[in-house]
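Chemist: Enclosed is the structure file model-v8.txt (compact mmCIF, C-alpha atoms and all ligand atoms).
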# COMPACT_ATOMS: atom_id res chain seq x y z
CA MET A 29 -33.34 -45.52 21.15
CA ALA A 30 -31.65 -42.23 20.34
CA SER A 31 -30.71 -43.51 16.91
CA ILE A 32 -34.31 -44.59 16.20
CA LEU A 33 -35.46 -41.08 17.16
CA GLY A 34 -32.74 -39.65 14.92
CA LEU A 35 -33.86 -41.83 12.01
CA ALA A 36 -37.50 -40.87 12.55
CA GLN A 37 -36.51 -37.20 12.62
CA GLU A 38 -34.50 -37.57 9.37
CA LEU A 39 -37.46 -39.34 7.76
CA LEU A 40 -39.86 -36.59 8.82
CA VAL A 41 -37.55 -33.87 7.42
CA PHE A 42 -37.24 -35.84 4.16
CA LEU A 43 -41.03 -36.26 3.89
CA GLY A 44 -41.64 -32.58 4.71
CA LYS A 45 -39.17 -31.45 2.04
CA SER A 46 -40.67 -33.88 -0.48
CA VAL A 47 -44.16 -32.47 0.07
CA PHE A 48 -42.78 -28.95 -0.31
CA ILE A 49 -41.03 -29.87 -3.61
CA VAL A 50 -44.19 -31.49 -5.00
CA LEU A 51 -46.29 -28.44 -4.04
CA GLU A 52 -43.67 -26.09 -5.49
CA SER A 53 -43.63 -27.94 -8.83
CA LEU A 54 -47.46 -27.90 -8.87
CA VAL A 55 -47.46 -24.13 -8.36
CA PHE A 56 -44.90 -23.63 -11.16
CA THR A 57 -47.08 -25.71 -13.51
CA PHE A 58 -49.52 -22.80 -13.46
CA ILE A 59 -47.26 -19.82 -12.77
CA PRO A 60 -44.42 -19.48 -15.30
CA VAL A 61 -40.94 -19.42 -13.74
CA PRO A 62 -39.34 -15.98 -14.24
CA ARG A 63 -36.66 -16.02 -16.95
CA LYS A 64 -33.04 -15.75 -15.91
CA LYS A 65 -31.64 -12.24 -16.38
CA VAL A 66 -28.45 -12.38 -18.43
CA ALA A 67 -27.78 -8.69 -19.08
CA GLY A 68 -24.18 -7.90 -18.16
CA GLU A 69 -23.24 -11.58 -17.71
CA ILE A 70 -19.99 -12.68 -19.35
CA VAL A 71 -21.06 -15.52 -21.63
CA LEU A 72 -18.43 -17.72 -23.25
CA ILE A 73 -19.59 -19.84 -26.17
CA THR A 74 -17.29 -22.38 -27.80
CA GLY A 75 -17.92 -23.12 -31.46
CA ALA A 76 -19.46 -19.66 -31.89
CA GLY A 77 -18.33 -19.31 -35.52
CA SER A 78 -21.43 -20.93 -37.02
CA GLY A 79 -24.64 -22.89 -36.41
CA LEU A 80 -26.07 -23.17 -32.94
CA GLY A 81 -23.16 -21.30 -31.33
CA ARG A 82 -23.79 -18.25 -33.50
CA LEU A 83 -27.55 -18.36 -32.86
CA LEU A 84 -26.98 -18.57 -29.12
CA ALA A 85 -24.52 -15.67 -29.28
CA LEU A 86 -27.09 -13.52 -31.09
CA LYS A 87 -29.77 -14.39 -28.56
CA PHE A 88 -27.53 -13.44 -25.62
CA ALA A 89 -26.46 -10.26 -27.44
CA ARG A 90 -30.08 -9.12 -27.73
CA LEU A 91 -30.46 -9.73 -23.99
CA GLY A 92 -27.49 -7.46 -23.23
CA SER A 93 -24.77 -9.98 -22.31
CA VAL A 94 -21.03 -9.62 -22.88
CA LEU A 95 -20.03 -12.26 -25.45
CA VAL A 96 -16.75 -14.17 -25.47
CA LEU A 97 -16.66 -16.17 -28.68
CA TRP A 98 -14.33 -19.10 -29.24
CA ASP A 99 -13.86 -21.02 -32.45
CA ILE A 100 -11.12 -22.74 -34.40
CA ASN A 101 -12.49 -20.99 -37.49
CA GLN A 102 -11.23 -17.42 -37.17
CA GLU A 103 -13.22 -16.05 -40.10
CA GLY A 104 -16.59 -17.44 -38.99
CA ASN A 105 -15.95 -16.34 -35.42
CA GLU A 106 -15.08 -12.78 -36.50
CA GLU A 107 -18.33 -12.68 -38.52
CA THR A 108 -20.26 -13.70 -35.39
CA ARG A 109 -18.47 -10.99 -33.38
CA GLU A 110 -19.60 -8.34 -35.86
CA MET A 111 -23.15 -9.72 -35.84
CA VAL A 112 -23.46 -9.74 -32.05
CA GLN A 113 -22.06 -6.23 -31.81
CA GLU A 114 -24.75 -5.06 -34.22
CA ALA A 115 -27.36 -6.99 -32.25
CA GLY A 116 -26.59 -4.94 -29.11
CA ALA A 117 -24.16 -7.06 -27.08
CA ALA A 118 -22.71 -5.27 -24.05
CA GLY A 119 -19.29 -6.36 -25.34
CA ALA A 120 -17.98 -8.81 -27.93
CA TYR A 121 -14.60 -10.56 -27.94
CA ALA A 122 -13.53 -13.20 -30.46
CA TYR A 123 -10.71 -15.64 -29.72
CA THR A 124 -9.33 -18.29 -32.01
CA CYS A 125 -9.04 -21.46 -29.95
CA ASP A 126 -8.66 -25.10 -30.84
CA CYS A 127 -10.75 -26.64 -28.08
CA SER A 128 -9.36 -30.10 -28.83
CA ARG A 129 -5.99 -28.95 -27.44
CA ARG A 130 -5.82 -28.65 -23.68
CA GLU A 131 -2.89 -26.19 -23.75
CA ASP A 132 -4.79 -23.98 -26.18
CA VAL A 133 -7.87 -23.97 -23.94
CA TYR A 134 -5.83 -23.02 -20.85
CA ARG A 135 -3.82 -20.37 -22.74
CA VAL A 136 -6.87 -18.64 -24.25
CA ALA A 137 -8.79 -18.99 -20.97
CA SER A 138 -6.17 -17.02 -19.05
CA GLN A 139 -6.16 -14.41 -21.82
CA VAL A 140 -9.95 -14.06 -21.40
CA LYS A 141 -9.64 -13.72 -17.62
CA LYS A 142 -7.12 -10.88 -18.04
CA GLU A 143 -8.83 -9.09 -20.93
CA VAL A 144 -12.54 -9.58 -20.16
CA GLY A 145 -12.97 -10.92 -16.61
CA ASP A 146 -14.57 -13.91 -14.90
CA VAL A 147 -16.82 -15.89 -17.22
CA SER A 148 -20.21 -16.34 -15.55
CA ILE A 149 -21.99 -18.45 -18.20
CA LEU A 150 -19.97 -21.13 -19.95
CA ILE A 151 -21.55 -22.83 -22.97
CA ASN A 152 -19.62 -25.82 -24.25
CA ASN A 153 -21.05 -26.02 -27.75
CA ALA A 154 -18.14 -26.72 -30.16
CA GLY A 155 -18.60 -30.07 -31.81
CA ILE A 156 -17.60 -32.26 -34.72
CA VAL A 157 -19.03 -35.39 -36.26
CA THR A 158 -17.15 -38.03 -38.22
CA GLY A 159 -20.26 -39.94 -39.28
CA ARG A 160 -18.53 -43.22 -40.08
CA LYS A 161 -19.26 -46.73 -38.86
CA PHE A 162 -16.96 -47.76 -36.01
CA LEU A 163 -14.56 -50.01 -37.92
CA ASP A 164 -14.37 -47.55 -40.85
CA CYS A 165 -13.44 -44.62 -38.64
CA PRO A 166 -9.71 -43.81 -38.42
CA ASP A 167 -8.34 -43.71 -34.87
CA GLU A 168 -7.25 -40.07 -35.16
CA LEU A 169 -10.78 -38.97 -36.07
CA MET A 170 -12.29 -40.85 -33.16
CA GLU A 171 -9.75 -39.26 -30.83
CA LYS A 172 -10.61 -35.85 -32.26
CA SER A 173 -14.33 -36.40 -31.61
CA LEU A 174 -13.63 -37.16 -27.98
CA ASP A 175 -11.20 -34.24 -27.69
CA VAL A 176 -13.62 -31.63 -29.07
CA ASN A 177 -16.98 -32.99 -27.96
CA PHE A 178 -16.00 -34.15 -24.49
CA LYS A 179 -12.47 -33.47 -23.22
CA ALA A 180 -12.67 -29.76 -24.04
CA HIS A 181 -15.44 -29.59 -21.42
CA LEU A 182 -13.02 -30.85 -18.75
CA TRP A 183 -10.47 -28.15 -19.56
CA THR A 184 -12.95 -25.29 -19.81
CA TYR A 185 -14.59 -26.26 -16.51
CA LYS A 186 -11.16 -26.47 -14.87
CA ALA A 187 -10.37 -23.02 -16.21
CA PHE A 188 -13.61 -21.19 -15.33
CA LEU A 189 -15.43 -23.08 -12.56
CA PRO A 190 -13.11 -22.02 -9.67
CA ALA A 191 -13.96 -18.32 -10.17
CA MET A 192 -17.67 -19.18 -10.42
CA ILE A 193 -17.41 -21.00 -7.08
CA ALA A 194 -15.46 -18.12 -5.52
CA ASN A 195 -18.12 -15.64 -6.70
CA ASP A 196 -20.95 -18.08 -5.92
CA HIS A 197 -22.32 -17.18 -9.32
CA GLY A 198 -22.14 -19.12 -12.57
CA HIS A 199 -23.94 -21.27 -15.08
CA LEU A 200 -22.50 -24.30 -16.84
CA VAL A 201 -24.16 -25.29 -20.11
CA CYS A 202 -23.34 -28.52 -21.88
CA ILE A 203 -24.55 -28.96 -25.44
CA SER A 204 -24.77 -32.73 -25.61
CA SER A 205 -27.17 -34.42 -28.02
CA SER A 206 -30.02 -36.91 -28.22
CA ALA A 207 -27.11 -39.10 -29.37
CA GLY A 208 -25.82 -38.63 -25.81
CA LEU A 209 -28.83 -40.53 -24.54
CA ILE A 210 -29.17 -43.38 -27.04
CA GLY A 211 -26.77 -45.11 -29.43
CA VAL A 212 -27.18 -44.16 -33.08
CA TYR A 213 -26.15 -46.16 -36.15
CA GLY A 214 -22.98 -44.74 -37.76
CA LEU A 215 -22.21 -42.41 -34.86
CA ALA A 216 -20.22 -44.59 -32.46
CA ASP A 217 -17.51 -42.08 -31.56
CA TYR A 218 -19.94 -39.15 -31.60
CA CYS A 219 -22.35 -40.96 -29.28
CA ALA A 220 -19.51 -41.95 -26.95
CA SER A 221 -18.32 -38.34 -26.75
CA LYS A 222 -21.83 -36.99 -26.14
CA PHE A 223 -22.62 -39.62 -23.47
CA ALA A 224 -19.34 -38.66 -21.80
CA ALA A 225 -20.13 -34.94 -21.93
CA PHE A 226 -23.56 -35.61 -20.42
CA GLY A 227 -22.20 -37.80 -17.62
CA PHE A 228 -19.47 -35.33 -16.83
CA ALA A 229 -21.80 -32.30 -16.69
CA GLU A 230 -24.31 -34.18 -14.55
CA THR A 231 -21.60 -35.26 -12.13
CA VAL A 232 -20.32 -31.70 -11.73
CA PHE A 233 -23.92 -30.69 -11.08
CA PHE A 234 -24.13 -33.27 -8.27
CA GLU A 235 -20.79 -32.11 -6.85
CA THR A 236 -21.79 -28.44 -6.76
CA PHE A 237 -25.23 -29.36 -5.38
CA ALA A 238 -23.76 -31.55 -2.65
CA SER A 239 -21.26 -28.78 -1.78
CA LYS A 240 -24.21 -26.36 -1.44
CA GLN A 241 -22.76 -24.09 -4.12
CA LYS A 242 -26.21 -22.73 -4.78
CA GLY A 243 -25.02 -19.97 -7.10
CA ILE A 244 -23.77 -22.49 -9.66
CA LYS A 245 -26.44 -23.63 -12.11
CA THR A 246 -26.24 -26.41 -14.68
CA THR A 247 -28.07 -26.97 -17.95
CA ILE A 248 -27.59 -29.99 -20.21
CA VAL A 249 -29.09 -29.75 -23.69
CA CYS A 250 -29.75 -32.84 -25.81
CA PRO A 251 -31.04 -31.67 -29.20
CA PHE A 252 -32.34 -33.85 -32.01
CA PHE A 253 -31.34 -32.88 -35.60
CA ILE A 254 -30.96 -29.12 -36.10
CA LYS A 255 -30.58 -27.60 -39.57
CA THR A 256 -26.92 -26.52 -39.37
CA GLN A 257 -23.95 -27.60 -41.46
CA MET A 258 -23.06 -30.34 -38.98
CA PHE A 259 -25.56 -32.97 -40.14
CA GLU A 260 -26.09 -31.56 -43.61
CA GLY A 261 -27.79 -34.10 -45.87
CA CYS A 262 -29.07 -36.27 -43.00
CA THR A 263 -32.80 -36.87 -42.89
CA SER A 264 -35.23 -38.10 -40.28
CA SER A 265 -38.96 -38.65 -40.34
CA PHE A 266 -41.56 -37.42 -37.93
CA LEU A 267 -44.72 -39.23 -37.82
CA PRO A 268 -47.96 -37.25 -37.81
CA PRO A 269 -49.21 -37.60 -34.18
CA LYS A 270 -52.28 -39.62 -35.26
CA LEU A 271 -50.05 -42.08 -37.11
CA GLY A 272 -47.84 -42.29 -34.04
CA MET A 273 -50.86 -43.26 -31.95
CA LEU A 274 -51.94 -45.81 -34.55
CA LEU A 275 -48.46 -47.35 -34.51
CA ALA A 276 -48.47 -47.39 -30.70
CA GLU A 277 -51.83 -49.18 -30.76
CA TYR A 278 -50.57 -51.67 -33.36
CA MET A 279 -47.47 -52.36 -31.25
CA GLY A 280 -49.74 -53.06 -28.29
CA ALA A 281 -48.53 -50.06 -26.32
CA PHE A 282 -51.97 -49.50 -24.79
CA ASN A 283 -52.26 -53.09 -23.59
CA PHE A 284 -48.71 -53.81 -22.45
CA MET A 285 -49.77 -54.45 -18.87
CA ASP A 286 -53.02 -56.37 -19.51
CA GLY A 287 -51.40 -59.76 -18.95
CA PHE A 288 -49.37 -58.66 -15.93
CA THR A 289 -49.59 -61.53 -13.46
CA ASN A 290 -47.60 -60.29 -10.48
CA SER A 291 -50.40 -58.11 -9.06
CA LYS A 292 -52.92 -60.98 -9.51
CA LYS A 293 -50.60 -63.27 -7.52
CA LYS A 294 -50.58 -60.73 -4.67
CA ASP A 295 -54.42 -60.48 -4.76
N1 LIG B 1 -26.85 -29.93 -35.76
C1 LIG B 1 -27.45 -30.89 -35.08
O1 LIG B 1 -28.36 -31.57 -35.60
C2 LIG B 1 -27.07 -31.19 -33.67
C3 LIG B 1 -27.84 -32.12 -32.94
C4 LIG B 1 -27.49 -32.39 -31.62
C5 LIG B 1 -26.42 -31.75 -31.04
N2 LIG B 1 -25.67 -30.87 -31.77
C6 LIG B 1 -24.53 -30.25 -31.11
O2 LIG B 1 -24.67 -28.84 -31.16
C7 LIG B 1 -23.37 -28.26 -31.15
C8 LIG B 1 -23.29 -27.22 -32.28
O3 LIG B 1 -23.40 -27.89 -33.52
P1 LIG B 1 -23.84 -27.16 -34.86
O4 LIG B 1 -24.95 -27.93 -35.41
O5 LIG B 1 -24.01 -25.71 -34.61
O6 LIG B 1 -22.57 -27.46 -35.77
P2 LIG B 1 -21.66 -26.50 -36.63
O7 LIG B 1 -20.74 -27.40 -37.37
O8 LIG B 1 -22.48 -25.53 -37.38
O9 LIG B 1 -20.84 -25.68 -35.52
C9 LIG B 1 -19.82 -26.25 -34.76
C10 LIG B 1 -18.78 -25.17 -34.50
O10 LIG B 1 -17.74 -25.75 -33.71
C11 LIG B 1 -16.50 -25.29 -34.22
N3 LIG B 1 -15.41 -26.22 -33.88
C12 LIG B 1 -15.20 -27.45 -34.41
N4 LIG B 1 -14.06 -27.96 -33.90
C13 LIG B 1 -13.57 -27.03 -33.04
C14 LIG B 1 -12.42 -26.98 -32.23
N5 LIG B 1 -11.52 -27.97 -32.20
N6 LIG B 1 -12.21 -25.89 -31.46
C15 LIG B 1 -13.09 -24.85 -31.49
N7 LIG B 1 -14.18 -24.84 -32.27
C16 LIG B 1 -14.43 -25.92 -33.03
C17 LIG B 1 -16.71 -25.22 -35.72
O11 LIG B 1 -15.74 -24.39 -36.36
C18 LIG B 1 -18.13 -24.66 -35.79
O12 LIG B 1 -18.13 -23.24 -35.83
C19 LIG B 1 -22.38 -29.41 -31.32
O13 LIG B 1 -21.83 -29.75 -30.06
C20 LIG B 1 -23.23 -30.54 -31.83
O14 LIG B 1 -22.69 -31.79 -31.52
C21 LIG B 1 -25.98 -30.57 -33.06
Rewrite the structure from the file as structure tokens, please.
Modeler:
Amino acid sequence: MASILGLAQELLVFLGKSVFIVLESLVFTFIPVPRKKVAGEIVLITGAGSGLGRLLALKFARLGSVLVLWDINQEGNEETREMVQEAGAAGAYAYTCDCSRREDVYRVASQVKKEVGDVSILINNAGIVTGRKFLDCPDELMEKSLDVNFKAHLWTYKAFLPAMIANDHGHLVCISSSAGLIGVYGLADYCASKFAAFGFAETVFFETFASKQKGIKTTIVCPFFIKTQMFEGCTSSFLPPKLGMLLAEYMGAFNFMDGFTNSKKKD
């Protein structure tokens, strides 16, 4: 009897919380959520020497963050450091780091902890693409993809997450890809590495959530093509919305369920 009461109580709490969450999300549909304040935060961006990493660094600089920039390309990274300083960063530190090498990640991470402090926003952005079909891709290149695009995330989290937990304050950002959600022709190793990065970041999110580490936030980003040097020369087509609707109609997307028999059986 007691256990039935316990179950009923658990169910009621679950239903109450569910209603609250639905109402909360309805409210935030109309009232914009306040933006996170990042002034003074120590933001580490891997792959900051070009492309998306550089753009992110500039954005954080304008918002008054302290930037810790990592890249294997010393020259590009130094250029970013100068740019973010000009843009108003509260501090800018460039470190040459080969994120595909675990020892390098740990070595540079402890240097950062001594010289700058505890990283509070970690953005795993460094990435490479081989762009060859699976059987044409040399083993070493496939290993490199996984090392840079995925395994580096393990080592950086190991290096910086404990202090975030101790301070109950931190944000983990994983730059995955739309190729981390669906397989893409000619990108077998890239897709595998991006799926892995996604799965890993989501799992850490669940672990911190379940441990009630409320100060630790997680963001996973899955971009489509961006105009950087990474996918230079690649093209994709976007259908005009009206054409998209026409195609959907032609494919029967608006009538998919018309012949559904299961509900009729129940009637
Ligand atoms: N460009 C796109 O269309 C696109 C789409 C989806 C996801 N992404 C992802 O966005 C992220 C940024 O890509 P981008 O487009 O800015 O590419 P990019 O090539 O311009 O920048 C990648 C940066 O990572 C650095 N890097 C490469 N190997 C490294 C290593 N071993 N250690 C440290 N740094 C290293 C490079 O030097 C470079 O500065 C990547 O993770 C990429 O997979 C890009």
Chemist: Using only C-alpha atoms and all ligand atoms, which residues of the polymer chains come no farther than 6 Å from ligand LIG 1 (chain B)? I'd like the answer as an MDAnalysis selection string.
Modeler: chainID A and resid 74:81 99:101 125:128 153:156 176 203:205 251:259
Chemist: What's around Gly119 (chain A) at 10 Å? Count all atoms listed in the file, leave out sequence neighbours fewer than 4 positions away in its own chain, and write the answer as number ranges by chain.
Modeler: A: 68, 70, 89, 92-96, 109, 112-113, 144
Chemist: Hey, which bits of region 53-122 of chain A sit within 12 Å of region 182-193 of chain A, and for each residue what's the closest pair of atoms and how far apart in Å (one decimal), counting all atoms listed in the file, rows by chain and increasing number, as JSON lines?
Modeler:
{"residue": "A:Glu69", "atom": "CA", "partner": "A:Met192", "partner_atom": "CA", "distance": 11.9}
{"residue": "A:Ile70", "atom": "CA", "partner": "A:Met192", "partner_atom": "CA", "distance": 11.3}
{"residue": "A:Val71", "atom": "CA", "partner": "A:Phe188", "partner_atom": "CA", "distance": 11.3}
{"residue": "A:Leu72", "atom": "CA", "partner": "A:Phe188", "partner_atom": "CA", "distance": 9.9}
{"residue": "A:Ile73", "atom": "CA", "partner": "A:Thr184", "partner_atom": "CA", "distance": 10.7}
{"residue": "A:Thr74", "atom": "CA", "partner": "A:Thr184", "partner_atom": "CA", "distance": 9.5}
{"residue": "A:Trp98", "atom": "CA", "partner": "A:Thr184", "partner_atom": "CA", "distance": 11.4}
Chemist: For CA of Ser148 (chain A) and CA of Arg129 (chain A), quote the distance in Å rounded to one decimal.
Modeler: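 CA of Arg129 (chain A) lies at a distance of 22.4 Å from CA of Ser148 (chain A).
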Chemist: Separation of CA of Ser53 (chain A) and CA of Ile248 (chain A), in Å?
Modeler: 19.8 Å
Chemist: For a quick check of understanding, using only C-alpha atoms, which of A:Val47, A:Ala85, A:Val157, A:Met111 has the smallest distance to Lys172 (chain A)?
Modeler: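 Residue with the minimum atom-to-atom distance to Lys172 (chain A): A:Val157.
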Chemist: Taking only all heavy atoms, show region 79-90 of chain A of the given structure as a short mmCIF file (atom, residue, chain, number, x, y, z; two decimals), in the first residue's frame.
Modeler:
data_model
loop_
_atom_site.label_atom_id
_atom_site.label_comp_id
_atom_site.auth_asym_id
_atom_site.auth_seq_id
_atom_site.Cartn_x
_atom_site.Cartn_y
_atom_site.Cartn_z
N GLY A 79 38.73 31.23 -39.34
CA GLY A 79 37.33 30.81 -39.47
C GLY A 79 36.43 31.13 -38.30
O GLY A 79 36.47 32.22 -37.71
N LEU A 80 35.63 30.13 -37.96
CA LEU A 80 34.63 30.28 -36.91
C LEU A 80 35.26 30.62 -35.56
O LEU A 80 34.74 31.45 -34.80
CB LEU A 80 33.84 28.96 -36.81
CG LEU A 80 32.65 28.92 -35.88
CD1 LEU A 80 31.61 29.94 -36.28
CD2 LEU A 80 32.04 27.52 -35.90
N GLY A 81 36.40 30.00 -35.26
CA GLY A 81 37.09 30.24 -33.99
C GLY A 81 37.46 31.70 -33.83
O GLY A 81 37.26 32.31 -32.77
N ARG A 82 37.96 32.29 -34.90
CA ARG A 82 38.34 33.71 -34.86
C ARG A 82 37.10 34.59 -34.69
O ARG A 82 37.10 35.53 -33.90
CB ARG A 82 39.08 34.08 -36.15
CG ARG A 82 39.40 35.56 -36.22
CD ARG A 82 40.26 35.89 -37.40
NE ARG A 82 41.63 35.44 -37.24
CZ ARG A 82 42.56 35.53 -38.18
NH1 ARG A 82 42.27 36.04 -39.36
NH2 ARG A 82 43.80 35.12 -37.96
N LEU A 83 36.04 34.26 -35.43
CA LEU A 83 34.80 35.06 -35.33
C LEU A 83 34.22 35.00 -33.92
O LEU A 83 33.77 36.01 -33.37
CB LEU A 83 33.76 34.56 -36.35
CG LEU A 83 34.10 34.81 -37.82
CD1 LEU A 83 33.09 34.12 -38.73
CD2 LEU A 83 34.12 36.32 -38.12
N LEU A 84 34.25 33.80 -33.34
CA LEU A 84 33.74 33.66 -31.97
C LEU A 84 34.59 34.48 -31.00
O LEU A 84 34.07 35.17 -30.12
CB LEU A 84 33.77 32.18 -31.54
CG LEU A 84 32.69 31.29 -32.15
CD1 LEU A 84 32.99 29.82 -31.86
CD2 LEU A 84 31.33 31.64 -31.57
N ALA A 85 35.91 34.42 -31.21
CA ALA A 85 36.83 35.16 -30.33
C ALA A 85 36.53 36.67 -30.39
O ALA A 85 36.48 37.35 -29.36
CB ALA A 85 38.27 34.89 -30.73
N LEU A 86 36.28 37.16 -31.59
CA LEU A 86 35.99 38.59 -31.75
C LEU A 86 34.68 38.97 -31.06
O LEU A 86 34.57 40.01 -30.44
CB LEU A 86 35.93 38.95 -33.24
CG LEU A 86 37.31 39.08 -33.91
CD1 LEU A 86 37.18 39.09 -35.42
CD2 LEU A 86 38.00 40.36 -33.43
N LYS A 87 33.70 38.08 -31.19
CA LYS A 87 32.40 38.33 -30.57
C LYS A 87 32.55 38.41 -29.04
O LYS A 87 32.05 39.33 -28.40
CB LYS A 87 31.45 37.19 -30.97
CG LYS A 87 30.03 37.37 -30.60
CD LYS A 87 29.28 38.14 -31.65
CE LYS A 87 27.86 38.40 -31.22
NZ LYS A 87 27.18 39.34 -32.08
N PHE A 88 33.26 37.44 -28.47
CA PHE A 88 33.46 37.44 -27.02
C PHE A 88 34.29 38.64 -26.57
O PHE A 88 34.06 39.20 -25.51
CB PHE A 88 34.14 36.14 -26.57
CG PHE A 88 33.18 34.99 -26.40
CD1 PHE A 88 33.05 34.02 -27.38
CD2 PHE A 88 32.40 34.89 -25.26
CE1 PHE A 88 32.16 32.97 -27.23
CE2 PHE A 88 31.51 33.84 -25.10
CZ PHE A 88 31.38 32.88 -26.08
N ALA A 89 35.26 39.05 -27.42
CA ALA A 89 36.09 40.20 -27.08
C ALA A 89 35.22 41.46 -26.94
O ALA A 89 35.36 42.22 -25.98
CB ALA A 89 37.15 40.42 -28.16
N ARG A 90 34.30 41.63 -27.88
CA ARG A 90 33.42 42.81 -27.85
C ARG A 90 32.51 42.79 -26.63
O ARG A 90 32.02 43.81 -26.19
CB ARG A 90 32.58 42.88 -29.13
CG ARG A 90 33.45 43.24 -30.34
CD ARG A 90 32.64 43.41 -31.62
NE ARG A 90 33.55 43.35 -32.76
CZ ARG A 90 33.56 42.37 -33.67
NH1 ARG A 90 32.69 41.38 -33.60
NH2 ARG A 90 34.44 42.39 -34.65
#
